[in-house]
Amino acid sequence: MAFDWLEPALQARAEQGYLRQRHCQQYEKDNIVCINNKHYLNFASNDYLGMRHHDGVLQNWVEGLAQFGAGSGASALVTGHSQAHLALEAYLAEGLNREAALLFNSGYAANQALCFALANASTEGVSIFADRLMHASFLEAANESKAMLRRFAHNDKTHLQTLLKKPVSGDKLIVTEGIFSMDGDSAPTHDLVAIAKAHDAWLMLDDAHGMGVLGERGLGTVEAAGLTQDQVPIVMGTFGKAIGTAGAFIAGSQALIDFLVNFAKHYIYSTAMPSGQAVATLASLTYIASDSFRRDTLYDNISHFRKGIERAFGQNAGVDEGSGLMTQSTPITLKASNSAIQPLIVGSPQKALALSEGLKARGIWVPAIRYPTVPKGEDRLRITLSATHNKQDIDVLIDALSLAIEDRS
């Protein structure tokens with residue numbers, strides 16, 4: 001029978017503890033999520049600033065719908081590129097001090113489009129040097145494209161330099177993330193800029209989790225670190241996290257953007273982002289730039305969480321290699337992270353699922369993150385904090401976590 005291997009493949013994944021299942025959300029508001037008719041305090045959203053429910057963003061989306069309709073109606077190269085798209089691209093280019101920007105329907109599409117376009121159109125060849133923890137969207141495209149992919153150990157500058165010294169043909173592209181999506185730590189961007197310059201390579205920054213939360217105007221790692229277009233020729237960012245809408249962009253030189261318009265199939269053959277969405281996204285970026293209160297609150301919450309974990313575990317708290325907290329009574333490590341992403345490493349999919357269930361039983365929603373999303377042996381709870389959490393929310397989470405860990409001890 002054709003495709004009779006589907007059910008055995010699912011069964012094998014279930015036996016390994018890696019089977020994924022969806023959960024139907026009835027609604028989510030003010031950090032309370034209703035799933036399967038039960039209510040939970042939500043610590044799993046990437047809506048780091050709470051902009052998804054911001055009145056001004058919602059109103060601008062409504063006005064965008066009224067002006068442009070529900071969808072764009074066509075690809076950008078037919079009739080789908082509107083003045084709303086143009087205004088958002090111009091804002092991003094100006095704010096990031098780049099010559100131009102280009103919109104995509106998702107960060108996944110943006111990463112794949114860039115990688116395939118650069119690697120497959122080059123006559124000289126492209127060698128990609130990617131951080132081991134780069135997002136799957138980019139690594140998958142690099143593997144399937146004509147590029148030669150070499151992965152360096154996470155944030156390991158020495159390993160990267162060793163790989164760069166080996167003979168390669170064509171252009172060299174170093175790729176990393178501003179804030180890593182699963183570990184919550186940051187790339188050593190200034191060091192990578194120096195390495196790229198020394199080896200005549202381009203540096204690309206995937207800043208999906210830095211956009212909105214870093215920089216004076218919330219424009220991410222590039223703005224916060226003052227990195228120029230020459231230093232970081234390619235910037236990718238998304239709107240579906242701290243910005244609170246959806247979609248993504250790539251910013252860089254005019255030549256790069258013109259090249260993508262002509263060679264990036266994910267852009268050429270996709271219906272353009274709805275114009276109303278672009279209007280709402282620009283409004284969100286403008287609100288974030290005009291008031292740092294939400295960003296300040298987010299970082300205050302991050303500090304409160306980490307101090308609370310240290311207090312809760314007291315004498316059982318130790319330090320891991322990355323200066324994270326580790327309980328000695330149970331094999332659980334809180335990775336070092338100053339971002340909204342706070343990963344609790346558990347070490348096996350079964351333990352991660354059990355701890356997640358323990359939190360759910362106490363009204364806290366933090367799903368288990370397992371292989372292949374993270375490396376084997378690094379299965380975890382990925383706790384995400386928001387500016388809309390209050391101190392009491394965080395204290396409740398820490399108390400529930402302590403009790404759930406006790407259940408497993």
# chains A, B, ... in the order shown; residues from 1 in each chain; ligands from 1

call {"tool": "select_by_dssp", "arguments": {"residues": "segment 180-370 of chain A", "states": "strand (DSSP E or B)", "output": "PyMOL selection string"}}
result
chain A and resi 186+202-206+234-238+248-252+271+317-319+325-327+332-334+341-345+364-365+368-369

call {"tool": "write_last_selection", "arguments": {"atoms": "C-alpha atoms", "output": "PDB file, in the first residue's frame"}}
result
ATOM      1  CA  SER A 186      23.194  36.770  22.078  1.00  0.00           C
ATOM      2  CA  TRP A 202      29.702  38.990   4.523  1.00  0.00           C
ATOM      3  CA  LEU A 203      27.912  38.768   7.869  1.00  0.00           C
ATOM      4  CA  MET A 204      24.180  38.069   8.049  1.00  0.00           C
ATOM      5  CA  LEU A 205      22.157  38.613  11.222  1.00  0.00           C
ATOM      6  CA  ASP A 206      18.837  36.851  11.806  1.00  0.00           C
ATOM      7  CA  ILE A 234      22.307  41.405   5.530  1.00  0.00           C
ATOM      8  CA  VAL A 235      19.723  41.884   8.285  1.00  0.00           C
ATOM      9  CA  MET A 236      16.624  39.711   8.608  1.00  0.00           C
ATOM     10  CA  GLY A 237      13.900  40.510  11.112  1.00  0.00           C
ATOM     11  CA  THR A 238      10.352  39.394  11.820  1.00  0.00           C
ATOM     12  CA  ALA A 248       9.355  39.590   7.952  1.00  0.00           C
ATOM     13  CA  PHE A 249      11.922  41.656   6.069  1.00  0.00           C
ATOM     14  CA  ILE A 250      15.453  41.644   4.733  1.00  0.00           C
ATOM     15  CA  ALA A 251      17.443  44.881   4.755  1.00  0.00           C
ATOM     16  CA  GLY A 252      20.732  45.701   3.068  1.00  0.00           C
ATOM     17  CA  THR A 271       0.997  36.693  -2.851  1.00  0.00           C
ATOM     18  CA  ALA A 317      21.141  26.733  43.199  1.00  0.00           C
ATOM     19  CA  GLY A 318      24.445  26.392  41.394  1.00  0.00           C
ATOM     20  CA  VAL A 319      26.005  27.889  38.291  1.00  0.00           C
ATOM     21  CA  LEU A 325      21.264  28.706  37.572  1.00  0.00           C
ATOM     22  CA  MET A 326      21.215  24.955  38.154  1.00  0.00           C
ATOM     23  CA  THR A 327      19.346  22.976  40.772  1.00  0.00           C
ATOM     24  CA  ILE A 332      17.456  21.036  35.548  1.00  0.00           C
ATOM     25  CA  THR A 333      19.451  24.047  34.396  1.00  0.00           C
ATOM     26  CA  LEU A 334      18.266  27.589  33.783  1.00  0.00           C
ATOM     27  CA  ILE A 341      13.579  33.711  26.441  1.00  0.00           C
ATOM     28  CA  GLN A 342      14.416  31.776  29.628  1.00  0.00           C
ATOM     29  CA  PRO A 343      15.226  28.116  28.861  1.00  0.00           C
ATOM     30  CA  LEU A 344      14.992  25.418  31.555  1.00  0.00           C
ATOM     31  CA  ILE A 345      17.058  22.482  30.292  1.00  0.00           C
ATOM     32  CA  ILE A 364       0.646  27.596  33.881  1.00  0.00           C
ATOM     33  CA  TRP A 365       1.133  27.116  30.125  1.00  0.00           C
ATOM     34  CA  ALA A 368       7.963  21.230  26.325  1.00  0.00           C
ATOM     35  CA  ILE A 369      10.454  21.921  23.536  1.00  0.00           C
TER      36      ILE A 369
END

call {"tool": "residues_around", "arguments": {"residues": "segment 380-397 of chain A", "least_positions_apart": "5", "cutoff": "7 Å", "atoms": "only C-alpha atoms", "output": "PyMOL selection string"}}
result
chain A and resi 31+43-50+182+294-295+297-298+301-302+305+340-347+352+364+366-370

call {"tool": "atom_distance", "arguments": {"atom1": "atom CA of Leu88 of chain A", "atom2": "atom CA of Thr281 of chain A"}}
result
7.6 Å

call {"tool": "residues_around", "arguments": {"residues": "Ala283 of chain A", "least_positions_apart": "3", "cutoff": "8 Å", "atoms": "only C-alpha atoms", "output": "count of residues only"}}
result
7

call {"tool": "residues_around", "arguments": {"residues": "Ala404 of chain A", "least_positions_apart": "5", "cutoff": "10 Å", "atoms": "only C-alpha atoms", "output": "PyMOL selection string"}}
result
chain A and resi 354-362+398-399+409

call {"tool": "closest_residue", "arguments": {"among": "A:Asp207, A:Asp258, A:Glu378, A:Glu310", "to": "Leu96 of chain A", "atoms": "only C-alpha atoms"}}
result
A:Asp207

call {"tool": "residues_around", "arguments": {"residues": "Gly215 of chain A", "least_positions_apart": "3", "cutoff": "12 Å", "atoms": "only C-alpha atoms", "output": "CSV table (one decimal) with C-alpha atoms, in the first residue's frame"}}
result
chain,number,residue,atom,x,y,z
A,95,GLY,CA,15.9,53.2,10.9
A,96,LEU,CA,18.4,50.4,10.3
A,178,GLY,CA,20.9,38.4,17.3
A,207,ASP,CA,17.3,39.2,14.4
A,210,GLY,CA,15.9,41.1,18.8
A,211,MET,CA,13.5,43.2,16.7
A,212,GLY,CA,11.3,45.4,19.0
A,218,GLY,CA,13.4,49.0,19.2
A,219,LEU,CA,15.0,48.1,15.9
A,220,GLY,CA,17.0,45.3,17.2
A,221,THR,CA,20.6,44.2,17.5
A,222,VAL,CA,21.9,46.3,14.6
A,223,GLU,CA,20.6,49.5,16.1
A,224,ALA,CA,21.6,48.6,19.7
A,225,ALA,CA,25.2,47.7,18.6
A,226,GLY,CA,25.5,50.5,16.1
A,227,LEU,CA,26.4,48.1,13.2
A,288,ILE,CA,7.6,51.1,20.2
A,289,ALA,CA,10.0,53.7,19.0
A,291,ASP,CA,7.9,55.0,24.2
A,292,SER,CA,10.4,52.7,25.9
A,295,ARG,CA,10.8,47.4,26.8
A,296,ASP,CA,11.9,48.7,30.2

call {"tool": "closest_residue", "arguments": {"among": "A:Lys265, A:Arg306, A:His81, A:His154", "to": "Leu118 of chain A", "atoms": "only C-alpha atoms"}}
result
A:Lys265

call {"tool": "atom_distance", "arguments": {"atom1": "atom CA of Glu63 of chain A", "atom2": "atom CA of Ala93 of chain A"}}
result
23.9 Å

call {"tool": "residues_around", "arguments": {"residues": "Ser275 of chain A", "least_positions_apart": "4", "cutoff": "12 Å", "atoms": "only C-alpha atoms", "output": "mmCIF file with N, CA, C and O atoms, in the first residue's frame"}}
result
data_model
loop_
_atom_site.group_PDB
_atom_site.id
_atom_site.type_symbol
_atom_site.label_atom_id
_atom_site.label_comp_id
_atom_site.auth_asym_id
_atom_site.auth_seq_id
_atom_site.Cartn_x
_atom_site.Cartn_y
_atom_site.Cartn_z
ATOM 1 N N ASN A 60 -5.130 50.668 13.539
ATOM 2 C CA ASN A 60 -4.458 50.869 12.257
ATOM 3 C C ASN A 60 -4.695 49.693 11.306
ATOM 4 O O ASN A 60 -4.798 49.892 10.094
ATOM 5 N N TRP A 61 -4.816 48.488 11.867
ATOM 6 C CA TRP A 61 -5.114 47.345 11.007
ATOM 7 C C TRP A 61 -6.518 47.503 10.408
ATOM 8 O O TRP A 61 -6.743 47.254 9.226
ATOM 9 N N VAL A 62 -7.466 47.935 11.234
ATOM 10 C CA VAL A 62 -8.827 48.161 10.744
ATOM 11 C C VAL A 62 -8.834 49.223 9.640
ATOM 12 O O VAL A 62 -9.486 49.062 8.599
ATOM 13 N N GLU A 63 -8.092 50.315 9.858
ATOM 14 C CA GLU A 63 -8.029 51.365 8.844
ATOM 15 C C GLU A 63 -7.355 50.866 7.567
ATOM 16 O O GLU A 63 -7.747 51.242 6.451
ATOM 17 N N GLY A 64 -6.339 49.998 7.740
ATOM 18 C CA GLY A 64 -5.686 49.412 6.573
ATOM 19 C C GLY A 64 -6.620 48.503 5.796
ATOM 20 O O GLY A 64 -6.614 48.495 4.553
ATOM 21 N N LEU A 65 -7.449 47.752 6.514
ATOM 22 C CA LEU A 65 -8.444 46.907 5.858
ATOM 23 C C LEU A 65 -9.439 47.747 5.049
ATOM 24 O O LEU A 65 -9.794 47.407 3.921
ATOM 25 N N ALA A 66 -9.867 48.843 5.665
ATOM 26 C CA ALA A 66 -10.836 49.702 4.987
ATOM 27 C C ALA A 66 -10.254 50.309 3.715
ATOM 28 O O ALA A 66 -10.955 50.461 2.704
ATOM 29 N N GLN A 67 -8.970 50.650 3.751
ATOM 30 C CA GLN A 67 -8.357 51.309 2.608
ATOM 31 C C GLN A 67 -7.932 50.332 1.516
ATOM 32 O O GLN A 67 -8.107 50.611 0.322
ATOM 33 N N PHE A 68 -7.372 49.163 1.933
ATOM 34 C CA PHE A 68 -6.744 48.276 0.949
ATOM 35 C C PHE A 68 -7.457 46.934 0.765
ATOM 36 O O PHE A 68 -7.121 46.190 -0.155
ATOM 37 N N GLY A 69 -8.401 46.590 1.644
ATOM 38 C CA GLY A 69 -9.052 45.286 1.557
ATOM 39 C C GLY A 69 -8.352 44.241 2.394
ATOM 40 O O GLY A 69 -7.305 44.474 2.993
ATOM 41 N N ALA A 70 -8.950 43.043 2.436
ATOM 42 C CA ALA A 70 -8.459 41.994 3.331
ATOM 43 C C ALA A 70 -7.124 41.409 2.880
ATOM 44 O O ALA A 70 -6.294 41.019 3.703
ATOM 45 N N GLY A 71 -6.911 41.302 1.592
ATOM 46 C CA GLY A 71 -5.670 40.735 1.075
ATOM 47 C C GLY A 71 -5.035 41.658 0.059
ATOM 48 O O GLY A 71 -5.607 42.688 -0.321
ATOM 49 N N SER A 72 -3.841 41.293 -0.386
ATOM 50 C CA SER A 72 -3.144 42.139 -1.358
ATOM 51 C C SER A 72 -3.593 41.858 -2.791
ATOM 52 O O SER A 72 -3.371 42.677 -3.681
ATOM 53 N N GLY A 73 -4.151 40.678 -3.033
ATOM 54 C CA GLY A 73 -4.722 40.387 -4.341
ATOM 55 C C GLY A 73 -3.770 39.820 -5.364
ATOM 56 O O GLY A 73 -4.214 39.274 -6.372
ATOM 57 N N ALA A 74 -2.469 39.941 -5.141
ATOM 58 C CA ALA A 74 -1.511 39.454 -6.143
ATOM 59 C C ALA A 74 -0.112 39.449 -5.550
ATOM 60 O O ALA A 74 0.118 39.940 -4.439
ATOM 61 N N SER A 75 0.821 38.902 -6.280
ATOM 62 C CA SER A 75 2.218 38.976 -5.866
ATOM 63 C C SER A 75 2.716 40.415 -5.996
ATOM 64 O O SER A 75 2.106 41.245 -6.690
ATOM 65 N N ALA A 76 3.825 40.700 -5.327
ATOM 66 C CA ALA A 76 4.350 42.069 -5.313
ATOM 67 C C ALA A 76 4.719 42.559 -6.710
ATOM 68 O O ALA A 76 4.645 43.765 -6.987
ATOM 69 N N THR A 79 0.384 43.238 -8.900
ATOM 70 C CA THR A 79 -0.251 44.452 -8.361
ATOM 71 C C THR A 79 -0.268 44.457 -6.834
ATOM 72 O O THR A 79 -0.935 45.287 -6.217
ATOM 73 N N GLY A 80 0.465 43.541 -6.216
ATOM 74 C CA GLY A 80 0.384 43.384 -4.761
ATOM 75 C C GLY A 80 1.220 44.331 -3.945
ATOM 76 O O GLY A 80 1.104 44.359 -2.712
ATOM 77 N N HIS A 81 2.081 45.119 -4.581
ATOM 78 C CA HIS A 81 2.972 46.030 -3.852
ATOM 79 C C HIS A 81 2.300 47.395 -3.738
ATOM 80 O O HIS A 81 2.124 48.108 -4.730
ATOM 81 N N SER A 82 1.907 47.776 -2.517
ATOM 82 C CA SER A 82 1.153 49.012 -2.311
ATOM 83 C C SER A 82 1.995 50.066 -1.612
ATOM 84 O O SER A 82 3.118 49.809 -1.163
ATOM 85 N N GLN A 83 1.422 51.242 -1.472
ATOM 86 C CA GLN A 83 2.115 52.315 -0.757
ATOM 87 C C GLN A 83 2.312 51.961 0.708
ATOM 88 O O GLN A 83 3.243 52.453 1.359
ATOM 89 N N ALA A 84 1.456 51.085 1.260
ATOM 90 C CA ALA A 84 1.641 50.631 2.645
ATOM 91 C C ALA A 84 2.913 49.805 2.772
ATOM 92 O O ALA A 84 3.679 49.960 3.736
ATOM 93 N N HIS A 85 3.159 48.928 1.814
ATOM 94 C CA HIS A 85 4.398 48.154 1.811
ATOM 95 C C HIS A 85 5.609 49.066 1.649
ATOM 96 O O HIS A 85 6.629 48.910 2.339
ATOM 97 N N LEU A 86 5.488 49.991 0.730
ATOM 98 C CA LEU A 86 6.587 50.918 0.459
ATOM 99 C C LEU A 86 6.937 51.728 1.692
ATOM 100 O O LEU A 86 8.120 51.924 2.019
ATOM 101 N N ALA A 87 5.925 52.209 2.434
ATOM 102 C CA ALA A 87 6.156 53.010 3.637
ATOM 103 C C ALA A 87 6.847 52.189 4.717
ATOM 104 O O ALA A 87 7.766 52.677 5.407
ATOM 105 N N LEU A 88 6.434 50.926 4.892
ATOM 106 C CA LEU A 88 7.056 50.072 5.899
ATOM 107 C C LEU A 88 8.504 49.768 5.524
ATOM 108 O O LEU A 88 9.403 49.823 6.381
ATOM 109 N N LEU A 103 9.957 43.146 2.029
ATOM 110 C CA LEU A 103 9.036 42.430 2.912
ATOM 111 C C LEU A 103 8.795 40.996 2.435
ATOM 112 O O LEU A 103 8.720 40.734 1.236
ATOM 113 N N ASN A 105 6.483 37.178 3.705
ATOM 114 C CA ASN A 105 5.324 36.738 4.471
ATOM 115 C C ASN A 105 5.682 36.063 5.784
ATOM 116 O O ASN A 105 4.828 35.927 6.664
ATOM 117 N N ALA A 246 2.709 40.116 11.866
ATOM 118 C CA ALA A 246 3.205 38.932 11.159
ATOM 119 C C ALA A 246 4.048 39.393 9.981
ATOM 120 O O ALA A 246 3.974 40.544 9.551
ATOM 121 N N GLY A 247 4.838 38.459 9.442
ATOM 122 C CA GLY A 247 5.680 38.786 8.305
ATOM 123 C C GLY A 247 7.121 39.031 8.705
ATOM 124 O O GLY A 247 7.500 38.872 9.873
ATOM 125 N N THR A 271 1.889 35.557 -2.999
ATOM 126 C CA THR A 271 0.997 36.693 -2.851
ATOM 127 C C THR A 271 1.561 37.612 -1.770
ATOM 128 O O THR A 271 1.999 37.145 -0.725
ATOM 129 N N VAL A 279 0.276 48.223 7.314
ATOM 130 C CA VAL A 279 -0.109 49.445 8.030
ATOM 131 C C VAL A 279 -0.011 49.230 9.534
ATOM 132 O O VAL A 279 0.553 50.056 10.273
ATOM 133 N N ALA A 280 -0.548 48.099 10.019
ATOM 134 C CA ALA A 280 -0.503 47.799 11.447
ATOM 135 C C ALA A 280 0.921 47.596 11.935
ATOM 136 O O ALA A 280 1.287 48.018 13.043
ATOM 137 N N THR A 281 1.748 46.973 11.117
ATOM 138 C CA THR A 281 3.144 46.730 11.496
ATOM 139 C C THR A 281 3.914 48.038 11.644
ATOM 140 O O THR A 281 4.666 48.225 12.601
ATOM 141 N N LEU A 282 3.717 48.941 10.691
ATOM 142 C CA LEU A 282 4.378 50.245 10.785
ATOM 143 C C LEU A 282 3.900 51.000 12.017
ATOM 144 O O LEU A 282 4.696 51.643 12.715
#

call {"tool": "select_by_dssp", "arguments": {"residues": "segment 18-203 of chain A", "states": "helix (DSSP H, G or I)", "output": "PyMOL selection string"}}
result
chain A and resi 51-53+55-68+76-80+83-95+107-121+136-144+157-165+189-198

call {"tool": "closest_residue", "arguments": {"among": "A:Gln11, A:Thr189, A:Asn37, A:Asn42", "to": "Cys24 of chain A", "atoms": "only C-alpha atoms"}}
result
A:Asn37

call {"tool": "atom_distance", "arguments": {"atom1": "atom CA of Arg311 of chain A", "atom2": "atom CA of Phe293 of chain A"}}
result
26.7 Å

call {"tool": "residues_around", "arguments": {"residues": "Asp191 of chain A", "least_positions_apart": "5", "cutoff": "12 Å", "atoms": "only C-alpha atoms", "output": "PyMOL selection string"}}
result
chain A and resi 155-158+160-161+174+176+196-198+203+225+227+231-232

call {"tool": "closest_residue", "arguments": {"among": "A:Cys34, A:Arg22, A:Ser284, A:Val168", "to": "Asp55 of chain A", "atoms": "only C-alpha atoms"}}
result
A:Ser284
